[in-house]
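Chemist: File name work29.cif; file contents mmCIF, C-alpha atoms; full text below.
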```cif
data_query
#
loop_
_atom_site.label_atom_id
_atom_site.label_comp_id
_atom_site.auth_asym_id
_atom_site.auth_seq_id
_atom_site.Cartn_x
_atom_site.Cartn_y
_atom_site.Cartn_z
CA MET S 1 -30.28 -48.29 -8.09
CA LYS S 2 -32.90 -50.35 -6.28
CA ARG S 3 -35.64 -48.32 -4.65
CA LYS S 4 -37.09 -49.34 -1.27
CA VAL S 5 -40.40 -47.55 -1.72
CA ALA S 6 -42.34 -46.13 -4.63
CA MET S 7 -40.76 -42.95 -5.95
CA ALA S 8 -42.28 -39.66 -6.93
CA MET S 9 -43.05 -39.47 -10.63
CA VAL S 10 -42.14 -36.25 -12.35
CA ALA S 11 -45.10 -35.03 -14.32
CA ALA S 12 -43.20 -32.12 -15.82
CA MET S 13 -39.78 -30.97 -14.70
CA ALA S 14 -38.28 -27.96 -16.39
CA VAL S 15 -35.10 -27.83 -14.35
CA GLY S 16 -34.09 -24.26 -13.61
CA SER S 17 -37.33 -22.95 -15.11
CA LEU S 18 -40.26 -21.27 -13.44
CA ALA S 19 -42.30 -24.44 -13.13
CA VAL S 20 -41.40 -27.81 -11.69
CA PRO S 21 -44.68 -29.67 -11.26
CA VAL S 22 -44.20 -32.91 -9.37
CA MET S 23 -46.83 -35.31 -8.11
CA ALA S 24 -46.57 -38.33 -5.89
CA GLU S 25 -47.35 -41.61 -7.62
CA ASP S 26 -50.64 -42.03 -5.81
CA GLY S 27 -51.55 -38.36 -6.27
CA ALA S 28 -51.74 -37.85 -2.54
CA ALA S 29 -50.18 -35.06 -0.54
CA GLY S 30 -47.27 -35.80 1.72
CA GLY S 31 -44.40 -38.14 1.07
CA LYS S 32 -40.84 -38.62 2.21
CA ILE S 33 -38.36 -35.74 2.38
CA GLY S 34 -34.61 -36.27 2.38
CA ILE S 35 -32.62 -33.53 4.10
CA SER S 36 -28.83 -33.40 3.79
CA MET S 37 -27.02 -30.92 6.07
CA PRO S 38 -23.26 -30.24 6.00
CA THR S 39 -22.21 -30.69 9.61
CA GLN S 40 -23.22 -30.62 13.25
CA SER S 41 -19.96 -28.93 14.26
CA LEU S 42 -21.39 -25.47 13.50
CA GLU S 43 -24.31 -24.38 15.65
CA ARG S 44 -26.33 -22.89 12.84
CA TRP S 45 -26.63 -26.15 10.87
CA ASN S 46 -28.08 -27.89 13.90
CA ARG S 47 -30.71 -25.15 13.98
CA ASP S 48 -31.41 -25.52 10.25
CA GLY S 49 -31.76 -29.28 10.43
CA SER S 50 -33.99 -29.12 13.49
CA TYR S 51 -36.28 -26.44 12.04
CA LEU S 52 -36.58 -28.22 8.68
CA GLN S 53 -37.36 -31.56 10.27
CA LYS S 54 -40.02 -30.06 12.53
CA GLN S 55 -41.68 -28.10 9.72
CA PHE S 56 -41.98 -31.13 7.45
CA GLU S 57 -43.01 -33.59 10.16
CA ASP S 58 -45.64 -31.20 11.52
CA ALA S 59 -47.03 -30.99 7.98
CA GLY S 60 -47.35 -34.77 7.78
CA TYR S 61 -44.22 -35.71 5.86
CA GLU S 62 -41.80 -38.47 6.73
CA VAL S 63 -38.30 -37.02 7.12
CA GLU S 64 -34.85 -38.54 6.82
CA LEU S 65 -32.21 -36.09 8.07
CA THR S 66 -28.46 -36.58 7.63
CA TYR S 67 -25.35 -34.64 8.64
CA SER S 68 -22.11 -35.21 6.73
CA ASP S 69 -19.42 -33.95 9.13
CA ASN S 70 -18.06 -31.50 6.52
CA GLU S 71 -16.88 -34.42 4.38
CA THR S 72 -17.94 -34.12 0.75
CA ASP S 73 -17.58 -37.84 0.01
CA ARG S 74 -19.77 -38.61 2.98
CA GLN S 75 -22.41 -36.14 1.79
CA VAL S 76 -22.42 -37.77 -1.64
CA ASN S 77 -22.94 -41.14 0.05
CA ASP S 78 -25.65 -39.71 2.31
CA ILE S 79 -27.55 -38.34 -0.68
CA GLN S 80 -27.19 -41.61 -2.58
CA ASN S 81 -28.69 -43.39 0.42
CA LEU S 82 -31.57 -40.92 0.52
CA ILE S 83 -32.22 -41.59 -3.17
CA SER S 84 -32.10 -45.32 -2.51
CA ASP S 85 -34.50 -44.90 0.41
CA GLY S 86 -37.13 -43.53 -1.94
CA VAL S 87 -37.46 -39.90 -0.93
CA ASN S 88 -39.86 -37.81 -2.99
CA LEU S 89 -37.82 -34.62 -2.70
CA LEU S 90 -34.32 -33.63 -1.58
CA VAL S 91 -33.33 -30.56 0.45
CA VAL S 92 -29.55 -30.21 0.31
CA ALA S 93 -27.22 -27.72 1.99
CA ALA S 94 -23.96 -28.48 0.21
CA ILE S 95 -20.55 -28.74 1.81
CA ASP S 96 -19.02 -27.99 -1.58
CA GLY S 97 -21.37 -26.58 -4.20
CA GLU S 98 -19.08 -27.76 -7.00
CA ALA S 99 -18.74 -31.37 -5.85
CA LEU S 100 -22.28 -32.76 -6.03
CA ASN S 101 -22.86 -32.82 -9.80
CA THR S 102 -22.78 -36.59 -10.21
CA VAL S 103 -25.10 -37.35 -7.30
CA MET S 104 -27.43 -34.55 -8.41
CA ASP S 105 -27.61 -36.23 -11.81
CA GLU S 106 -28.49 -39.45 -10.01
CA ALA S 107 -31.36 -37.66 -8.29
CA ALA S 108 -32.58 -36.27 -11.61
CA ASP S 109 -32.38 -39.71 -13.22
CA ALA S 110 -34.46 -41.06 -10.33
CA GLY S 111 -37.08 -38.34 -10.84
CA ILE S 112 -36.36 -36.63 -7.53
CA PRO S 113 -36.45 -32.82 -7.52
CA VAL S 114 -33.84 -30.93 -5.50
CA ILE S 115 -34.08 -27.75 -3.45
CA SER S 116 -30.65 -26.22 -2.95
CA TYR S 117 -30.79 -24.94 0.62
CA ASP S 118 -28.82 -21.90 1.75
CA ARG S 119 -25.73 -22.79 -0.34
CA LEU S 120 -26.12 -22.96 -4.10
CA ILE S 121 -25.28 -26.29 -5.72
CA LYS S 122 -23.70 -25.83 -9.12
CA SER S 123 -25.84 -28.42 -10.90
CA ASP S 124 -28.64 -27.91 -13.38
CA ALA S 125 -30.47 -30.75 -11.64
CA VAL S 126 -31.34 -28.23 -8.92
CA SER S 127 -34.90 -26.97 -9.25
CA TYR S 128 -34.89 -24.04 -6.82
CA TYR S 129 -32.57 -22.21 -4.47
CA ILE S 130 -33.63 -20.94 -1.04
CA SER S 131 -31.32 -18.69 0.93
CA PHE S 132 -30.86 -15.27 2.38
CA ASP S 133 -29.60 -12.48 0.17
CA ASN S 134 -25.97 -13.42 0.66
CA TYR S 135 -24.44 -10.35 -0.95
CA THR S 136 -26.61 -8.21 1.33
CA VAL S 137 -25.21 -10.05 4.37
CA GLY S 138 -21.81 -8.68 3.42
CA THR S 139 -23.08 -5.20 2.60
CA LEU S 140 -24.71 -5.03 6.03
CA GLN S 141 -21.40 -5.85 7.68
CA GLY S 142 -19.55 -3.31 5.57
CA GLN S 143 -22.14 -0.61 6.12
CA TYR S 144 -22.02 -1.22 9.86
CA VAL S 145 -18.31 -0.40 9.77
CA VAL S 146 -18.96 2.72 7.69
CA ASP S 147 -21.70 3.96 10.02
CA THR S 148 -20.06 3.03 13.33
CA LEU S 149 -16.75 4.72 12.46
CA ASP S 150 -18.53 7.54 10.56
CA LEU S 151 -16.13 7.03 7.68
CA ASP S 152 -17.84 9.61 5.49
CA ASN S 153 -16.73 12.26 7.97
CA ALA S 154 -13.35 10.79 8.90
CA GLY S 155 -11.35 13.60 7.34
CA ASP S 156 -7.65 12.76 7.47
CA LYS S 157 -8.10 10.00 10.03
CA THR S 158 -7.12 6.47 9.01
CA TYR S 159 -8.52 3.26 10.50
CA ASN S 160 -6.77 -0.10 10.23
CA ILE S 161 -8.84 -3.11 9.14
CA GLU S 162 -8.23 -6.81 8.55
CA PHE S 163 -10.52 -9.25 6.74
CA THR S 164 -11.42 -12.85 7.59
CA ALA S 165 -13.62 -14.59 5.02
CA GLY S 166 -15.20 -18.04 4.83
CA ASP S 167 -14.78 -21.42 3.22
CA PRO S 168 -13.68 -21.37 -0.45
CA ALA S 169 -15.82 -24.46 -1.05
CA ASP S 170 -18.94 -22.60 0.12
CA ASN S 171 -20.52 -20.69 -2.74
CA ASN S 172 -21.94 -18.16 -0.27
CA ALA S 173 -18.55 -17.18 1.14
CA GLY S 174 -17.61 -15.15 -1.90
CA TYR S 175 -20.91 -13.27 -1.82
CA PHE S 176 -20.43 -12.40 1.85
CA PHE S 177 -16.88 -11.16 1.30
CA ASN S 178 -17.65 -9.28 -1.90
CA GLY S 179 -20.67 -7.57 -0.36
CA ALA S 180 -18.57 -6.23 2.49
CA PHE S 181 -15.53 -5.41 0.40
CA ASP S 182 -17.56 -3.56 -2.23
CA VAL S 183 -18.94 -1.27 0.48
CA LEU S 184 -15.52 -0.67 2.03
CA LYS S 185 -13.33 -0.48 -1.09
CA PRO S 186 -13.96 3.25 -1.74
CA TYR S 187 -12.69 4.00 1.76
CA ILE S 188 -9.68 1.74 1.22
CA ASP S 189 -8.94 3.50 -2.06
CA ALA S 190 -9.26 6.88 -0.36
CA GLY S 191 -6.90 5.88 2.45
CA THR S 192 -9.55 6.16 5.15
CA LEU S 193 -9.28 2.42 5.71
CA ASN S 194 -5.88 0.75 5.65
CA VAL S 195 -5.29 -3.00 5.43
CA VAL S 196 -1.92 -3.21 7.16
CA SER S 197 -1.31 -6.83 6.15
CA GLY S 198 -2.16 -6.06 2.53
CA GLN S 199 -4.43 -9.11 2.43
CA THR S 200 -7.46 -7.94 0.50
CA ASP S 201 -8.27 -10.75 -1.95
CA PHE S 202 -10.64 -13.56 -1.04
CA ASP S 203 -8.12 -16.37 -1.40
CA SER S 204 -5.74 -14.69 1.05
CA VAL S 205 -8.36 -14.18 3.75
CA ALA S 206 -10.48 -17.33 3.28
CA THR S 207 -11.00 -19.82 6.12
CA PRO S 208 -11.44 -23.48 5.07
CA ALA S 209 -14.50 -25.08 6.68
CA TRP S 210 -15.22 -21.79 8.49
CA ASP S 211 -12.98 -23.23 11.20
CA THR S 212 -12.61 -21.24 14.43
CA GLN S 213 -9.11 -22.53 15.19
CA THR S 214 -7.90 -21.71 11.69
CA ALA S 215 -9.25 -18.17 11.98
CA LEU S 216 -7.63 -17.81 15.41
CA GLU S 217 -4.21 -18.92 14.19
CA ARG S 218 -4.31 -16.72 11.10
CA MET S 219 -5.23 -13.66 13.17
CA GLN S 220 -2.47 -14.47 15.66
CA ASN S 221 -0.01 -14.49 12.75
CA ILE S 222 -1.33 -11.15 11.47
CA LEU S 223 -1.07 -9.57 14.91
CA ALA S 224 2.46 -10.87 15.40
CA SER S 225 3.58 -9.77 11.95
CA TYR S 226 1.93 -6.37 11.62
CA TYR S 227 0.66 -5.13 14.98
CA ALA S 228 3.22 -6.25 17.57
CA ASP S 229 4.86 -2.79 17.50
CA GLY S 230 1.73 -1.15 18.88
CA THR S 231 0.03 -0.41 15.56
CA GLN S 232 -3.67 -0.07 16.30
CA LEU S 233 -6.20 -2.47 14.81
CA ASP S 234 -9.60 -0.83 14.54
CA VAL S 235 -11.73 -3.34 12.61
CA ALA S 236 -11.77 -7.12 12.14
CA LEU S 237 -14.29 -7.79 9.37
CA CYS S 238 -15.32 -11.43 9.85
CA SER S 239 -17.79 -13.07 7.49
CA ASN S 240 -19.42 -15.26 10.13
CA ASP S 241 -19.55 -16.06 13.83
CA SER S 242 -17.34 -19.15 13.90
CA THR S 243 -14.47 -17.19 12.34
CA ALA S 244 -15.29 -14.16 14.52
CA LEU S 245 -14.98 -16.38 17.58
CA GLY S 246 -11.43 -17.31 16.62
CA VAL S 247 -10.49 -13.75 15.72
CA THR S 248 -11.88 -12.48 19.03
CA GLN S 249 -9.85 -15.06 20.96
CA ALA S 250 -6.70 -14.04 19.09
CA ILE S 251 -7.27 -10.37 19.82
CA GLU S 252 -7.87 -11.12 23.50
CA SER S 253 -4.66 -13.13 23.81
CA ASP S 254 -2.25 -11.58 21.30
CA TYR S 255 -3.21 -7.98 20.51
CA ALA S 256 -0.84 -5.40 21.99
CA GLY S 257 -3.30 -2.52 21.78
CA ASP S 258 -5.80 -1.48 24.43
CA ASN S 259 -8.61 -0.20 22.19
CA THR S 260 -11.84 -2.07 21.53
CA VAL S 261 -11.66 -3.64 18.07
CA LEU S 262 -14.84 -3.55 16.00
CA ILE S 263 -15.62 -7.18 15.10
CA THR S 264 -18.40 -8.30 12.76
CA GLY S 265 -20.04 -11.71 12.40
CA GLN S 266 -22.99 -13.63 11.03
CA ASP S 267 -25.40 -16.33 12.28
CA GLY S 268 -26.19 -15.40 15.89
CA ASP S 269 -24.35 -18.31 17.50
CA GLU S 270 -24.86 -18.46 21.25
CA ALA S 271 -21.19 -17.89 22.15
CA ASN S 272 -21.02 -14.88 19.84
CA LEU S 273 -24.19 -13.37 21.25
CA ALA S 274 -22.57 -13.68 24.68
CA ASN S 275 -19.55 -11.83 23.28
CA ILE S 276 -21.86 -9.12 21.98
CA VAL S 277 -23.42 -8.78 25.44
CA ASP S 278 -19.91 -8.59 26.92
CA GLY S 279 -18.75 -6.01 24.38
CA LYS S 280 -16.20 -8.29 22.71
CA GLN S 281 -18.00 -8.62 19.36
CA SER S 282 -19.74 -5.62 17.85
CA MET S 283 -22.47 -7.12 15.71
CA THR S 284 -23.73 -10.17 13.90
CA VAL S 285 -25.97 -10.55 10.88
CA TYR S 286 -28.81 -12.85 11.88
CA LYS S 287 -30.54 -15.09 9.39
CA ALA S 288 -33.82 -16.42 10.77
CA VAL S 289 -33.41 -20.02 9.67
CA ALA S 290 -36.81 -20.85 11.15
CA ASN S 291 -38.27 -18.67 8.39
CA GLU S 292 -36.01 -20.31 5.82
CA ALA S 293 -37.51 -23.64 6.85
CA VAL S 294 -41.03 -22.24 6.42
CA VAL S 295 -40.23 -21.16 2.86
CA THR S 296 -38.69 -24.56 2.14
CA LEU S 297 -41.80 -26.38 3.33
CA ASP S 298 -44.19 -24.23 1.32
CA LEU S 299 -42.05 -24.53 -1.80
CA ALA S 300 -41.79 -28.30 -1.41
CA LYS S 301 -45.55 -28.62 -0.93
CA ALA S 302 -46.19 -26.63 -4.10
CA MET S 303 -43.69 -28.70 -6.07
CA LEU S 304 -45.07 -32.02 -4.88
CA ALA S 305 -48.61 -30.87 -5.59
CA GLY S 306 -47.68 -30.05 -9.18
CA ASP S 307 -48.29 -26.32 -8.78
CA THR S 308 -46.50 -23.78 -10.92
CA VAL S 309 -44.01 -21.99 -8.70
CA ASP S 310 -43.25 -18.32 -9.15
CA GLU S 311 -43.53 -15.09 -7.15
CA SER S 312 -47.20 -15.84 -6.44
CA LEU S 313 -46.05 -18.40 -3.85
CA ILE S 314 -45.05 -15.54 -1.57
CA GLU S 315 -48.54 -14.03 -1.56
CA LYS S 316 -50.29 -17.39 -1.39
CA SER S 317 -48.23 -18.47 1.60
CA GLY S 318 -48.89 -15.28 3.58
CA TRP S 319 -45.44 -15.17 5.17
CA ASP S 320 -45.04 -12.50 7.84
CA PHE S 321 -41.40 -11.88 6.91
CA GLU S 322 -39.65 -10.43 3.88
CA CYS S 323 -38.81 -12.72 0.99
CA ALA S 324 -38.14 -11.99 -2.68
CA TYR S 325 -38.47 -14.19 -5.76
CA ASP S 326 -35.36 -13.81 -7.91
CA THR S 327 -34.74 -15.33 -11.34
CA GLU S 328 -31.56 -13.48 -12.29
CA SER S 329 -28.97 -13.46 -9.51
CA TYR S 330 -27.90 -17.10 -9.32
CA GLU S 331 -26.80 -19.61 -11.95
CA THR S 332 -26.24 -23.35 -11.60
CA SER S 333 -24.15 -23.24 -14.77
CA ASP S 334 -23.20 -20.56 -17.26
CA GLY S 335 -26.44 -19.06 -18.53
CA ASN S 336 -28.73 -21.37 -16.55
CA LYS S 337 -30.56 -19.15 -14.08
CA CYS S 338 -31.78 -20.81 -10.91
CA PRO S 339 -35.08 -19.41 -9.59
CA SER S 340 -34.51 -18.38 -6.00
CA PHE S 341 -36.39 -17.36 -2.89
CA LEU S 342 -34.25 -14.92 -0.94
CA LEU S 343 -34.98 -13.84 2.63
CA VAL S 344 -33.75 -10.64 4.25
CA PRO S 345 -31.14 -10.80 7.06
CA THR S 346 -31.06 -8.56 10.14
CA VAL S 347 -28.25 -6.62 11.82
CA VAL S 348 -28.03 -7.50 15.51
CA THR S 349 -26.13 -5.44 18.08
CA LYS S 350 -26.19 -5.19 21.85
CA ASP S 351 -28.80 -2.44 21.51
CA ASN S 352 -31.42 -4.51 19.67
CA LEU S 353 -31.02 -8.05 21.04
CA GLN S 354 -34.46 -7.96 22.62
CA GLU S 355 -36.24 -6.59 19.57
CA ALA S 356 -34.40 -8.62 16.92
CA LEU S 357 -34.03 -12.00 18.61
CA VAL S 358 -36.05 -12.33 21.82
CA ASP S 359 -39.36 -10.71 20.88
CA PRO S 360 -39.76 -12.84 17.70
CA GLY S 361 -39.18 -15.96 19.80
CA TYR S 362 -35.85 -17.06 18.32
CA TYR S 363 -33.99 -16.77 21.62
CA THR S 364 -34.72 -16.37 25.31
CA MET S 365 -32.80 -14.02 27.60
CA ASP S 366 -31.71 -15.00 31.10
CA ASP S 367 -31.47 -12.70 34.11
CA ASP S 368 -27.87 -11.82 33.26
CA GLY S 369 -28.80 -10.67 29.77
CA TYR S 370 -27.36 -13.67 27.91
CA LEU S 371 -29.32 -15.28 25.09
CA HIS S 372 -30.11 -18.94 24.52
CA PRO S 373 -31.86 -20.60 21.54
CA ALA S 374 -35.58 -20.92 22.21
CA ASN S 375 -35.73 -24.36 20.63
#
```
As structure tokens, please, write out the structure in this file.

Modeler:
Amino acid sequence: MKRKVAMAMVAAMAVGSLAVPVMAEDGAAGGKIGISMPTQSLERWNRDGSYLQKQFEDAGYEVELTYSDNETDRQVNDIQNLISDGVNLLVVAAIDGEALNTVMDEAADAGIPVISYDRLIKSDAVSYYISFDNYTVGTLQGQYVVDTLDLDNAGDKTYNIEFTAGDPADNNAGYFFNGAFDVLKPYIDAGTLNVVSGQTDFDSVATPAWDTQTALERMQNILASYYADGTQLDVALCSNDSTALGVTQAIESDYAGDNTVLITGQDGDEANLANIVDGKQSMTVYKAVANEAVVTLDLAKAMLAGDTVDESLIEKSGWDFECAYDTESYETSDGNKCPSFLLVPTVVTKDNLQEALVDPGYYTMDDDGYLHPAN
């Protein structure tokens, strides 16, 4: 494949190891960064792309940012174009973590290191993984249900719950669902929680593309099939905000009960934060993607400078937020551990909007109490 500009030369690349020294051909700092995001149809990916682009450009890098409209073939083509354009490093948030092996091999053949961003790419060509602790996202949602309903002291009382999970093509979706389900399973087994529909496996509750309309229609079907007789729904465990938005709309339009249903989410999308203010959604798990972009920049700088990357990067960088270096939790293939930097998510409710989102500068709050992205 013809290159338009001089490429980065890999001085020593131990893919999946603790060190991936890379140096630009002229030995200088800086270079060209290729960023591939999944879609602009979900609010959070617009935030990720914007934060990443700003971080790298402010640090003196040239940036080429693409969005692939949730089409895997288009993302493959976008990444191939980034390789052809001579980027020194790729940052990729995969649409489908299983579908990028060939183009990842093309990047490796071209000597271009890859940071798997937020969603793990199942390719040994990936050098590092940066994300939030995805299993913890789910455990936070599950624990919120446990604490809010005081399930440990429920006695003979039974609460009805339904699950809505994410995209089967998204490696993170299983972690989110399993984290929540693992917390709640003992209460399901004990009869304290009851899944009236019986849909408790990931495949049954998954939502392709995290699509709001799909989540809405599925919840409408559940309500019509299992709750139309007045059976009370107490909890709708939703893995993220786009699915929670659809589930909330279905409950508003099709639920026969008059109780407030506990609804979880993730991401802190503006419409969902409005629903939290209005009492329609109970909580969301917020992932400060601005911090994720900071980690990505510092990791990329270290890689391009030829530094050995390990847990010392955290101390050297002086981040004012929690992040852990993990070499055991994630694999790009069977037995091939992918070194990872994992940030810590935050539970957001109506009671801590100011402290969790406004005070750190992520959002502003208008006179009516509604939140809007600060950038």

Chemist: Using all atoms listed in the file, determine which residues lie at most 9 Å from Gln80 (chain S), disregarding the query and same-chain residues fewer than 5 positions distant; provide the list as a list in words.

Modeler: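 Near neighbours after the sequence-gap exclusion: Gln75, Asp85, Val103, Glu106 and Ala107 of chain S.
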
Chemist: Using only C-alpha atoms, determine which residues lie at most 10 Å from Thr66 (chain S), disregarding the query and same-chain residues fewer than 3 positions distant; provide the list as number ranges by chain.

Modeler: S: 34-40, 49, 63, 69, 75, 78-79, 81-82, 92

Chemist: Identify, on the basis of all atoms listed in the file, every residue whose closest approach to Asp167 (chain S) does not exceed 7 Å; exclude the query and any residue fewer than 6 positions from it along the same chain; express the result as a list in words.

Modeler: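 After dropping sequence-adjacent residues, the list is Ala173, Ala206, Thr207, Pro208, Ala209 and Trp210 of chain S.
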
Chemist: Hey, can you spit out that residue selection with C-alpha atoms as a PDB file, in the coordinates of the input?

Modeler:
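Once everything was written out, this is result.pdb:
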```
ATOM      1  CA  ALA S 173     -18.550 -17.180   1.140  1.00  0.00           C
ATOM      2  CA  ALA S 206     -10.480 -17.330   3.280  1.00  0.00           C
ATOM      3  CA  THR S 207     -11.000 -19.820   6.120  1.00  0.00           C
ATOM      4  CA  PRO S 208     -11.440 -23.480   5.070  1.00  0.00           C
ATOM      5  CA  ALA S 209     -14.500 -25.080   6.680  1.00  0.00           C
ATOM      6  CA  TRP S 210     -15.220 -21.790   8.490  1.00  0.00           C
TER       7      TRP S 210
END
```

Chemist: Would you kindly identify which residues have an atom no farther than 12 Å from (-1.6, -7.5, 5.6), using all atoms listed in the file and the file's own coordinates, and write them out as a list of chain:residue names?

Modeler: S:Asn160, S:Ile161, S:Glu162, S:Phe163, S:Thr164, S:Asn194, S:Val195, S:Val196, S:Ser197, S:Gly198, S:Gln199, S:Thr200, S:Asp201, S:Ser204, S:Val205, S:Arg218, S:Met219, S:Asn221, S:Ile222, S:Leu223, S:Ala224, S:Ser225, S:Tyr226, S:Tyr227, S:Leu233

Chemist: Please, could you write that set of residues out with C-alpha atoms as an mmCIF file, keeping the file's coordinate frame?

Modeler:
```
data_model
loop_
_atom_site.group_PDB
_atom_site.id
_atom_site.type_symbol
_atom_site.label_atom_id
_atom_site.label_comp_id
_atom_site.auth_asym_id
_atom_site.auth_seq_id
_atom_site.Cartn_x
_atom_site.Cartn_y
_atom_site.Cartn_z
ATOM 1 C CA ASN S 160 -6.770 -0.100 10.230
ATOM 2 C CA ILE S 161 -8.840 -3.110 9.140
ATOM 3 C CA GLU S 162 -8.230 -6.810 8.550
ATOM 4 C CA PHE S 163 -10.520 -9.250 6.740
ATOM 5 C CA THR S 164 -11.420 -12.850 7.590
ATOM 6 C CA ASN S 194 -5.880 0.750 5.650
ATOM 7 C CA VAL S 195 -5.290 -3.000 5.430
ATOM 8 C CA VAL S 196 -1.920 -3.210 7.160
ATOM 9 C CA SER S 197 -1.310 -6.830 6.150
ATOM 10 C CA GLY S 198 -2.160 -6.060 2.530
ATOM 11 C CA GLN S 199 -4.430 -9.110 2.430
ATOM 12 C CA THR S 200 -7.460 -7.940 0.500
ATOM 13 C CA ASP S 201 -8.270 -10.750 -1.950
ATOM 14 C CA SER S 204 -5.740 -14.690 1.050
ATOM 15 C CA VAL S 205 -8.360 -14.180 3.750
ATOM 16 C CA ARG S 218 -4.310 -16.720 11.100
ATOM 17 C CA MET S 219 -5.230 -13.660 13.170
ATOM 18 C CA ASN S 221 -0.010 -14.490 12.750
ATOM 19 C CA ILE S 222 -1.330 -11.150 11.470
ATOM 20 C CA LEU S 223 -1.070 -9.570 14.910
ATOM 21 C CA ALA S 224 2.460 -10.870 15.400
ATOM 22 C CA SER S 225 3.580 -9.770 11.950
ATOM 23 C CA TYR S 226 1.930 -6.370 11.620
ATOM 24 C CA TYR S 227 0.660 -5.130 14.980
ATOM 25 C CA LEU S 233 -6.200 -2.470 14.810
#
```

Chemist: Please measure the separation of CA of Gly166 (chain S) and CA of Gly279 (chain S), giving the value in Å to one decimal.

Modeler: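 CA of Gly166 (chain S) sits 23.2 Å away from CA of Gly279 (chain S).
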
Chemist: Identify all residues satisfying the PyMOL selection byres ((chain S and resi 145-148) around 10) in the given file; provide them as a PyMOL selection string.

Modeler: chain S and resi 139-144+149-154+161+180+183-184+187+193+234-237+262-264+282-283

Chemist: Rank S:Lys337, S:His372, S:Lys280, S:Lys54 by their smallest atom-to-atom distance to Gly265 (chain S), using only C-alpha atoms, and report the top residue only.

Modeler: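 Of S:Lys337, S:His372, S:Lys280, S:Lys54, the one nearest Gly265 (chain S), counting only C-alpha atoms, is S:Lys280.
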
Chemist: Name every residue that the PyMOL selection byres ((chain S and resi 42) around 12) selects in this structure, writing the answer as number ranges by chain with chains first and numbers rising.

Modeler: S: 37-41, 43-49, 67-70, 209-212, 240-243, 245, 267-271

Chemist: When you look at Val294 (chain S) with a cut-off of 12 Å (counting only C-alpha atoms), what residues show up, excluding the ones that are within fewer than 3 positions of it in the same chain? I need them as a list in words.

Modeler: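 The residues that qualify are Asp48, Tyr51, Leu52, Gln53, Lys54, Gln55, Phe56, Asp58, Ala59, Ile130, Ser131, Ala288, Val289, Ala290, Asn291, Leu297, Asp298, Leu299, Ala300, Lys301, Ile314, Ser317, Gly318, Trp319, Asp320, Phe321, Cys323, Phe341 and Leu343 of chain S.
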
Chemist: Can you work out the spacing between CA of Gly230 (chain S) and CA of Ala256 (chain S) in Å, to one decimal?

Modeler: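 Taking CA of Gly230 (chain S) as the start and CA of Ala256 (chain S) as the end point, the length is 5.9 Å.
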
Chemist: What lies within 8 Å of Asn178 (chain S) using only C-alpha atoms, ignoring chain neighbours under 3 positions off, as an NGL selection string?

Modeler: :S and (135 or 138 or 174-175 or 181-182)

Chemist: Evaluate the PyMOL selection byres ((chain S and resi 32) around 8) here and jot the selected residues down as a short mmCIF file (atom, residue, chain, number, x, y, z; two decimals) with C-alpha atoms, keeping the file's coordinate frame.

Modeler:
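Generated output (result_22.cif):
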```
data_model
loop_
_atom_site.label_atom_id
_atom_site.label_comp_id
_atom_site.auth_asym_id
_atom_site.auth_seq_id
_atom_site.Cartn_x
_atom_site.Cartn_y
_atom_site.Cartn_z
CA GLY S 30 -47.27 -35.80 1.72
CA GLY S 31 -44.40 -38.14 1.07
CA ILE S 33 -38.36 -35.74 2.38
CA GLY S 34 -34.61 -36.27 2.38
CA TYR S 61 -44.22 -35.71 5.86
CA GLU S 62 -41.80 -38.47 6.73
CA VAL S 63 -38.30 -37.02 7.12
CA GLU S 64 -34.85 -38.54 6.82
CA GLY S 86 -37.13 -43.53 -1.94
CA VAL S 87 -37.46 -39.90 -0.93
CA ASN S 88 -39.86 -37.81 -2.99
CA LEU S 89 -37.82 -34.62 -2.70
#
```

Chemist: Nearest to Ala165 (chain S): which of S:Tyr129, S:Asp203, S:Ser116, S:Ala293 is it, counting all atoms listed in the file?

Modeler: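 Checking each of S:Tyr129, S:Asp203, S:Ser116, S:Ala293 against Ala165 (chain S), counting all atoms listed in the file, the winner is S:Asp203.
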
Chemist: Find the distance between CA of Val76 (chain S) and CA of Ala94 (chain S) and write it in Å to one decimal.

Modeler: 9.6 Å

Chemist: Could you check the closest approach to Ala169 (chain S) for each of S:Ala125, S:Val114, S:Leu216, S:Leu120 and tell me which residue wins, using all atoms listed in the file?

Modeler: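 That would be S:Leu120, the residue with the smallest distance to Ala169 (chain S).
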
Chemist: Just checking: using only C-alpha atoms, which residue out of S:Asp351, S:Glu322, S:Asp189, S:Glu217 ends up closest to Leu273 (chain S)?

Modeler: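 Residue with the minimum atom-to-atom distance to Leu273 (chain S): S:Asp351.
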
Chemist: What residues have an atom no more than 10 Å from (-24.4, -31.0, -10.4) in the file's own frame, counting all atoms listed in the file, and can you write them as a PyMOL selection string?

Modeler: chain S and resi 97-108+121-126+332-333

Chemist: Any chance you could work out the axis-aligned box around region 281-295 of chain S, listed atoms only, 6 Å on each side, giving centre and edge lengths in Å to one decimal, as JSON?

Modeler:
```
{"center_x": -29.5, "center_y": -14.6, "center_z": 11.1, "size_x": 35.0, "size_y": 30.0, "size_z": 28.5}
```

Chemist: For C-alpha atoms, please extract region 128-137 of chain S from the block and return it as a CSV table (one decimal), in the first residue's frame.

Modeler:
```csv
chain,number,residue,atom,x,y,z
S,128,TYR,CA,-2.6,-1.4,24.5
S,129,TYR,CA,-6.2,-1.1,25.7
S,130,ILE,CA,-7.7,2.0,27.3
S,131,SER,CA,-11.1,1.9,28.8
S,132,PHE,CA,-13.1,2.1,32.0
S,133,ASP,CA,-13.5,-1.0,34.2
S,134,ASN,CA,-16.4,-2.3,32.2
S,135,TYR,CA,-17.3,-5.1,34.6
S,136,THR,CA,-17.4,-2.5,37.4
S,137,VAL,CA,-19.9,-0.4,35.3
```
